[in-house]
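So this block is data_38.cif, mmCIF, C-alpha atoms:
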data_coords
#
loop_
_atom_site.group_PDB
_atom_site.id
_atom_site.type_symbol
_atom_site.label_atom_id
_atom_site.label_comp_id
_atom_site.auth_asym_id
_atom_site.auth_seq_id
_atom_site.Cartn_x
_atom_site.Cartn_y
_atom_site.Cartn_z
ATOM 1 C CA MET O 67 138.844 31.232 135.826
ATOM 2 C CA THR O 68 139.917 29.922 132.440
ATOM 3 C CA THR O 69 136.484 28.499 131.742
ATOM 4 C CA ALA O 70 134.805 31.746 132.757
ATOM 5 C CA GLY O 71 137.221 33.741 130.602
ATOM 6 C CA ASN O 72 136.628 31.510 127.590
ATOM 7 C CA THR O 73 132.882 31.798 128.066
ATOM 8 C CA ALA O 74 133.088 35.597 128.205
ATOM 9 C CA THR O 75 135.216 35.647 125.048
ATOM 10 C CA LEU O 76 132.775 33.406 123.199
ATOM 11 C CA ASP O 77 129.840 35.545 124.317
ATOM 12 C CA ARG O 78 131.606 38.690 123.133
ATOM 13 C CA ARG O 79 132.445 37.155 119.752
ATOM 14 C CA ALA O 80 128.897 35.895 119.364
ATOM 15 C CA GLY O 81 127.625 39.389 120.067
ATOM 16 C CA GLU O 82 130.008 40.862 117.497
ATOM 17 C CA ASP O 83 128.981 38.298 114.874
ATOM 18 C CA TYR O 84 125.325 39.053 115.547
ATOM 19 C CA ALA O 85 125.943 42.783 115.276
ATOM 20 C CA GLU O 86 127.686 42.346 111.924
ATOM 21 C CA SER O 87 125.031 40.048 110.472
ATOM 22 C CA ALA O 88 121.979 41.921 111.730
ATOM 23 C CA PRO O 89 120.422 44.353 109.235
ATOM 24 C CA ALA O 90 120.786 48.062 109.880
ATOM 25 C CA PRO O 91 117.594 49.705 111.100
ATOM 26 C CA ALA O 92 115.653 51.731 108.589
ATOM 27 C CA MET O 93 116.101 55.465 108.533
ATOM 28 C CA PRO O 94 113.110 57.365 109.881
ATOM 29 C CA ALA O 95 110.740 58.530 107.163
ATOM 30 C CA ARG O 96 111.352 62.143 108.182
ATOM 31 C CA THR O 97 115.039 61.694 107.340
ATOM 32 C CA VAL O 98 114.256 60.487 103.821
ATOM 33 C CA VAL O 99 111.793 63.364 103.411
ATOM 34 C CA GLY O 100 114.351 65.899 104.615
ATOM 35 C CA VAL O 101 117.014 64.551 102.283
ATOM 36 C CA GLY O 102 114.555 64.521 99.384
ATOM 37 C CA LEU O 103 113.494 68.120 99.952
ATOM 38 C CA ARG O 104 117.065 69.394 100.032
ATOM 39 C CA ALA O 105 118.204 67.292 97.092
ATOM 40 C CA GLY O 106 115.125 68.261 95.078
ATOM 41 C CA VAL O 107 115.689 71.985 95.569
ATOM 42 C CA ALA O 108 119.383 71.666 94.666
ATOM 43 C CA ALA O 109 118.587 69.656 91.536
ATOM 44 C CA GLY O 110 115.797 72.089 90.664
ATOM 45 C CA ALA O 111 118.287 74.960 90.748
ATOM 46 C CA VAL O 112 120.502 73.161 88.232
ATOM 47 C CA MET O 113 117.503 72.371 86.057
ATOM 48 C CA ILE O 114 116.079 75.884 85.859
ATOM 49 C CA ALA O 115 119.528 77.443 85.369
ATOM 50 C CA TRP O 116 120.064 75.204 82.346
ATOM 51 C CA GLU O 117 116.583 75.846 80.976
ATOM 52 C CA MET O 118 116.862 79.628 81.228
ATOM 53 C CA THR O 119 120.313 79.621 79.622
ATOM 54 C CA ALA O 120 119.313 77.285 76.791
ATOM 55 C CA ALA O 121 116.137 79.248 76.059
ATOM 56 C CA GLU O 122 118.095 82.497 75.831
ATOM 57 C CA ILE O 123 120.673 81.013 73.476
ATOM 58 C CA ALA O 124 118.120 79.235 71.264
ATOM 59 C CA ARG O 125 115.832 82.241 70.720
ATOM 60 C CA GLU O 126 113.186 80.034 69.099
ATOM 61 C CA PRO O 127 109.513 80.977 68.658
ATOM 62 C CA THR O 128 107.182 79.943 71.470
ATOM 63 C CA VAL O 129 103.575 78.858 71.075
ATOM 64 C CA VAL O 130 102.506 82.511 71.400
ATOM 65 C CA ALA O 131 102.973 84.519 68.220
ATOM 66 C CA GLY O 132 105.573 87.258 68.535
ATOM 67 C CA ILE O 133 107.283 85.805 71.630
ATOM 68 C CA VAL O 134 110.607 84.020 71.218
ATOM 69 C CA SER O 135 112.317 82.018 73.927
ATOM 70 C CA SER O 136 114.490 83.978 76.330
ATOM 71 C CA THR O 137 115.907 83.781 79.827
ATOM 72 C CA TRP O 138 112.452 84.486 81.223
ATOM 73 C CA THR O 139 110.136 82.366 79.089
ATOM 74 C CA PRO O 140 110.716 79.086 80.982
ATOM 75 C CA VAL O 141 109.739 80.594 84.351
ATOM 76 C CA THR O 142 106.920 82.769 83.011
ATOM 77 C CA GLY O 143 105.758 79.712 81.084
ATOM 78 C CA ILE O 144 105.498 77.848 84.384
ATOM 79 C CA ALA O 145 103.520 80.765 85.818
ATOM 80 C CA SER O 146 101.208 80.634 82.803
ATOM 81 C CA PHE O 147 100.075 77.211 83.976
ATOM 82 C CA LEU O 148 98.213 79.093 86.731
ATOM 83 C CA LEU O 149 97.732 82.559 85.234
ATOM 84 C CA GLY O 150 97.059 81.750 81.596
ATOM 85 C CA VAL O 151 98.596 82.824 78.319
ATOM 86 C CA ASP O 152 99.064 86.463 79.338
ATOM 87 C CA ALA O 153 101.721 85.444 81.879
ATOM 88 C CA LEU O 154 104.134 84.157 79.221
ATOM 89 C CA SER O 155 106.698 86.869 78.591
ATOM 90 C CA ALA O 156 110.151 87.121 77.065
ATOM 91 C CA SER O 157 110.941 90.258 79.055
ATOM 92 C CA LEU O 158 111.355 90.962 82.759
ATOM 93 C CA ALA O 159 107.951 90.414 84.401
ATOM 94 C CA PRO O 160 108.639 90.254 88.170
ATOM 95 C CA GLY O 161 105.285 88.865 89.281
ATOM 96 C CA ALA O 162 105.192 86.015 86.777
ATOM 97 C CA ILE O 163 108.886 85.260 87.298
ATOM 98 C CA VAL O 164 108.557 85.025 91.087
ATOM 99 C CA LEU O 165 105.453 82.851 90.811
ATOM 100 C CA GLY O 166 107.094 80.621 88.223
ATOM 101 C CA LEU O 167 110.176 80.125 90.390
ATOM 102 C CA LEU O 168 108.067 79.384 93.470
ATOM 103 C CA VAL O 169 106.049 76.767 91.597
ATOM 104 C CA HIS O 170 109.177 75.275 90.053
ATOM 105 C CA PHE O 171 111.045 74.890 93.345
ATOM 106 C CA ALA O 172 107.959 73.622 95.160
ATOM 107 C CA MET O 173 107.512 70.909 92.541
ATOM 108 C CA SER O 174 111.248 70.183 92.577
ATOM 109 C CA ALA O 175 111.120 69.631 96.339
ATOM 110 C CA VAL O 176 108.021 67.411 96.274
ATOM 111 C CA LEU O 177 109.296 65.324 93.365
ATOM 112 C CA GLY O 178 112.668 65.193 95.104
ATOM 113 C CA VAL O 179 111.077 63.393 98.046
ATOM 114 C CA ALA O 180 109.448 60.867 95.713
ATOM 115 C CA GLY O 181 112.702 60.386 93.819
ATOM 116 C CA THR O 182 114.732 59.923 96.996
ATOM 117 C CA ALA O 183 112.251 57.371 98.310
ATOM 118 C CA ALA O 184 112.551 55.475 95.021
ATOM 119 C CA LEU O 185 116.349 55.703 95.217
ATOM 120 C CA VAL O 186 116.359 54.240 98.730
ATOM 121 C CA TRP O 187 113.950 51.500 97.664
ATOM 122 C CA VAL O 188 116.190 50.484 94.746
ATOM 123 C CA LEU O 189 119.701 51.012 96.147
ATOM 124 C CA GLY O 190 119.280 51.131 99.920
ATOM 125 C CA TYR O 191 120.215 53.805 102.431
ATOM 126 C CA ARG O 192 123.816 54.225 101.259
ATOM 127 C CA PRO O 193 123.720 54.371 97.446
ATOM 128 C CA GLY O 194 126.952 54.863 95.537
ATOM 129 C CA PRO O 195 127.313 57.932 93.301
ATOM 130 C CA VAL O 196 127.290 56.035 89.991
ATOM 131 C CA GLY O 197 124.198 54.007 90.806
ATOM 132 C CA ALA O 198 122.473 57.064 92.259
ATOM 133 C CA ALA O 199 123.229 59.119 89.137
ATOM 134 C CA LEU O 200 121.911 56.382 86.840
ATOM 135 C CA CYS O 201 118.754 55.870 88.885
ATOM 136 C CA GLY O 202 118.279 59.621 89.062
ATOM 137 C CA PHE O 203 118.675 59.955 85.303
ATOM 138 C CA ALA O 204 116.014 57.296 84.756
ATOM 139 C CA TYR O 205 113.738 59.111 87.203
ATOM 140 C CA GLY O 206 114.312 62.394 85.367
ATOM 141 C CA LEU O 207 113.317 60.835 82.048
ATOM 142 C CA PHE O 208 110.243 59.382 83.745
ATOM 143 C CA LEU O 209 109.273 62.890 84.859
ATOM 144 C CA GLU O 210 109.791 64.228 81.342
ATOM 145 C CA VAL O 211 107.575 61.579 79.769
ATOM 146 C CA VAL O 212 104.846 61.280 82.399
ATOM 147 C CA VAL O 213 104.691 64.674 84.122
ATOM 148 C CA MET O 214 105.656 67.003 81.279
ATOM 149 C CA ASN O 215 104.596 65.187 78.103
ATOM 150 C CA ILE O 216 101.440 63.548 79.437
ATOM 151 C CA VAL O 217 100.117 65.388 82.496
ATOM 152 C CA VAL O 218 101.110 69.009 81.836
ATOM 153 C CA THR O 219 100.483 69.016 78.096
ATOM 154 C CA SER O 220 97.127 67.279 78.511
ATOM 155 C CA ILE O 221 95.953 69.857 81.056
ATOM 156 C CA GLN O 222 97.321 72.997 79.413
ATOM 157 C CA ASP O 223 96.153 74.050 75.966
ATOM 158 C CA PRO O 224 98.096 75.519 74.265
ATOM 159 C CA ASP O 225 101.330 73.999 75.597
ATOM 160 C CA LEU O 226 102.622 77.200 77.141
ATOM 161 C CA VAL O 227 105.100 75.530 79.499
ATOM 162 C CA TYR O 228 106.498 72.952 77.107
ATOM 163 C CA ARG O 229 106.772 75.421 74.233
ATOM 164 C CA ALA O 230 108.233 78.236 76.359
ATOM 165 C CA ALA O 231 111.635 76.869 75.329
ATOM 166 C CA PRO O 232 112.775 74.422 72.635
ATOM 167 C CA GLU O 233 111.237 71.050 73.417
ATOM 168 C CA TRP O 234 114.561 69.202 73.434
ATOM 169 C CA THR O 235 115.854 71.432 76.238
ATOM 170 C CA TRP O 236 113.257 70.010 78.626
ATOM 171 C CA TRP O 237 114.606 66.498 78.048
ATOM 172 C CA VAL O 238 118.085 67.672 78.986
ATOM 173 C CA ALA O 239 116.691 69.648 81.925
ATOM 174 C CA HIS O 240 114.848 66.680 83.418
ATOM 175 C CA GLY O 241 117.832 64.416 82.862
ATOM 176 C CA ALA O 242 120.036 66.931 84.671
ATOM 177 C CA TYR O 243 117.462 67.213 87.455
ATOM 178 C CA GLY O 244 117.451 63.460 87.946
ATOM 179 C CA ILE O 245 121.240 63.145 87.974
ATOM 180 C CA GLY O 246 121.584 66.073 90.372
ATOM 181 C CA LEU O 247 118.890 64.645 92.626
ATOM 182 C CA GLY O 248 120.563 61.247 92.733
ATOM 183 C CA LEU O 249 124.030 62.609 93.492
ATOM 184 C CA VAL O 250 122.940 65.080 96.179
ATOM 185 C CA ALA O 251 120.597 62.562 97.811
ATOM 186 C CA ALA O 252 123.359 59.928 97.830
ATOM 187 C CA LEU O 253 125.754 62.362 99.498
ATOM 188 C CA LEU O 254 123.225 63.382 102.146
ATOM 189 C CA LEU O 255 122.187 59.781 102.800
ATOM 190 C CA GLN O 256 125.818 58.768 103.244
ATOM 191 C CA ARG O 257 126.300 61.539 105.784
ATOM 192 C CA ARG O 258 123.138 60.580 107.647
ATOM 193 C CA GLY O 259 124.217 56.944 107.632
ATOM 194 C CA GLU O 260 127.568 57.862 109.134
ATOM 195 C CA GLY O 261 125.672 59.714 111.825
ATOM 196 C CA GLY O 262 124.408 56.565 113.518
ATOM 197 C CA PHE O 263 122.129 54.467 111.326
ATOM 198 C CA THR O 264 124.047 51.273 112.080
ATOM 199 C CA PHE O 265 123.058 48.332 114.207
ATOM 200 C CA GLN O 266 123.804 48.651 117.894
ATOM 201 C CA PRO O 267 123.044 45.546 120.000
ATOM 202 C CA THR O 268 121.126 46.285 123.168
ATOM 203 C CA SER O 269 121.958 44.761 126.505
ATOM 204 C CA GLU O 270 119.299 42.775 128.257
#
The structure in this file should be written as structure tokens.
Amino acid sequence: MTTAGNTATLDRRAGEDYAESAPAPAMPARTVVGVGLRAGVAAGAVMIAWEMTAAEIAREPTVVAGIVSSTWTPVTGIASFLLGVDALSASLAPGAIVLGLLVHFAMSAVLGVAGTAALVWVLGYRPGPVGAALCGFAYGLFLEVVVMNIVVTSIQDPDLVYRAAPEWTWWVAHGAYGIGLGLVAALLLQRRGEGGFTFQPTSE
């Protein structure tokens, strides 16, 4: 009896040691995508709120003569990427505003998935808030340099989007987007991890 009991205890301890040392299974890709979409939209809301506020306060000339930056120029500037120069407006233009917001949040969601995937690749499935914020900030600056300064400005002539608000405000906006993305994604990933993404040994 004693030998059998000792054997059972050793087997149980061996199983516990194996469970602790075994790596946690990867989250399904759909989970990372879902987290990225939600985090991207949340970060996009922070970004566009800042951009609209800063543009209104700055009241600086845009690339179009006679139009100064306002609450509406950032979103109508985004719409102008599809509709052309006539879409840029400093006043309430419902069609251009709705289109601009739709494009902005769609891009925020898609780029949020890419950013969350990068965050998981760098920090794992349970990133801490500080590391996530720093990685997100770096990702936001990457978007500013590559997406805004290279891709968008090379496609659009004149630079209706980039000049729809003071140029420096876009740097702050993308930095805020990245930080917001990192923090929200980290929170959602932590919650998903607590929901069962830990190793569970299977019985033979």
Cut-off 7 Å: closest segment 127-169 of chain O/segment 228-240 of chain O atom pairs per residue, using all atoms listed in the file, as a tab-separated table:
residue	atom	partner	partner_atom	distance
O:Thr128	CA	O:Ala230	CA	5.3
O:Val129	CA	O:Arg229	CA	5.7
O:Ser135	CA	O:Ala231	CA	5.4
O:Thr139	CA	O:Ala230	CA	5.3
O:Pro140	CA	O:Ala230	CA	5.3
O:Gly143	CA	O:Ala230	CA	5.5
Two-atom distance - atom CA of Glu117 of chain O, atom CA of Gly100 of chain O (Å):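 The value is 25.7 Å.
Residues with any atom within 7 Å of segment 200-202 of chain O, counting all atoms listed in the file and excluding same-chain neighbours fewer than 4 positions away, are Leu185, Val196, Gly206, Gly244, Ile245, Leu247 and Gly248 of chain O.
Once the PyMOL selection byres ((chain O and resi 165) around 10) is applied to the depicted file, the selected set reads Val141, Thr142, Ile144, Ala145, Ser146, Leu148, Leu149, Pro160, Gly161, Ala162, Ile163, Val164, Gly166, Leu167, Leu168, Val169 and His170 of chain O.
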To verify the selection step, state as a PyMOL selection string which residues the PyMOL selection byres ((chain O and resi 136) around 9) yields on this input. chain O and resi 118-126+133-135+137-140+155-157+230-231
Might you spell out which residues the PyMOL selection byres ((chain O and resi 105) around 10) would select in the displayed file, as a PDB file with C-alpha atoms, in the frame of the given file?
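Done, and the output landed in part_32.pdb:
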ATOM      1  CA  VAL O  99     111.793  63.364 103.411  1.00  0.00           C
ATOM      2  CA  GLY O 100     114.351  65.899 104.615  1.00  0.00           C
ATOM      3  CA  VAL O 101     117.014  64.551 102.283  1.00  0.00           C
ATOM      4  CA  GLY O 102     114.555  64.521  99.384  1.00  0.00           C
ATOM      5  CA  LEU O 103     113.494  68.120  99.952  1.00  0.00           C
ATOM      6  CA  ARG O 104     117.065  69.394 100.032  1.00  0.00           C
ATOM      7  CA  GLY O 106     115.125  68.261  95.078  1.00  0.00           C
ATOM      8  CA  VAL O 107     115.689  71.985  95.569  1.00  0.00           C
ATOM      9  CA  ALA O 108     119.383  71.666  94.666  1.00  0.00           C
ATOM     10  CA  ALA O 109     118.587  69.656  91.536  1.00  0.00           C
ATOM     11  CA  GLY O 110     115.797  72.089  90.664  1.00  0.00           C
ATOM     12  CA  ALA O 111     118.287  74.960  90.748  1.00  0.00           C
ATOM     13  CA  SER O 174     111.248  70.183  92.577  1.00  0.00           C
ATOM     14  CA  ALA O 175     111.120  69.631  96.339  1.00  0.00           C
ATOM     15  CA  LEU O 177     109.296  65.324  93.365  1.00  0.00           C
ATOM     16  CA  GLY O 178     112.668  65.193  95.104  1.00  0.00           C
ATOM     17  CA  VAL O 179     111.077  63.393  98.046  1.00  0.00           C
ATOM     18  CA  GLY O 181     112.702  60.386  93.819  1.00  0.00           C
ATOM     19  CA  THR O 182     114.732  59.923  96.996  1.00  0.00           C
ATOM     20  CA  TYR O 243     117.462  67.213  87.455  1.00  0.00           C
ATOM     21  CA  GLY O 244     117.451  63.460  87.946  1.00  0.00           C
ATOM     22  CA  GLY O 246     121.584  66.073  90.372  1.00  0.00           C
ATOM     23  CA  LEU O 247     118.890  64.645  92.626  1.00  0.00           C
ATOM     24  CA  GLY O 248     120.563  61.247  92.733  1.00  0.00           C
ATOM     25  CA  LEU O 249     124.030  62.609  93.492  1.00  0.00           C
ATOM     26  CA  VAL O 250     122.940  65.080  96.179  1.00  0.00           C
ATOM     27  CA  ALA O 251     120.597  62.562  97.811  1.00  0.00           C
ATOM     28  CA  ALA O 252     123.359  59.928  97.830  1.00  0.00           C
ATOM     29  CA  LEU O 253     125.754  62.362  99.498  1.00  0.00           C
ATOM     30  CA  LEU O 254     123.225  63.382 102.146  1.00  0.00           C
TER      31      LEU O 254
END
Kindly give the distance, in Å, that separates atom CA of Tyr191 of chain O and atom CA of Glu210 of chain O, rounded to a single decimal.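 For atom CA of Tyr191 of chain O relative to atom CA of Glu210 of chain O, the distance reads 25.7 Å.
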With all atoms listed in the file as the basis for distance, which of O:Asp225, O:Val98, O:Trp187, O:Met173 is at the shortest distance from Gly150 of chain O?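 Result for the nearest residue to Gly150 of chain O: O:Asp225.
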Quick one: distance from atom CA of Val151 of chain O to atom CA of Val212 of chain O in Å, one decimal?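 Answer for the atom CA of Val151 of chain O to atom CA of Val212 of chain O separation: 22.8 Å.
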Go through O:Arg192, O:Ala95, O:Thr219, O:Ala131 one by one, measure the shortest atom-to-atom distance of each to Arg258 of chain O using only C-alpha atoms, and give the residue with the smallest value.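 Nearest to Arg258 of chain O: O:Arg192.
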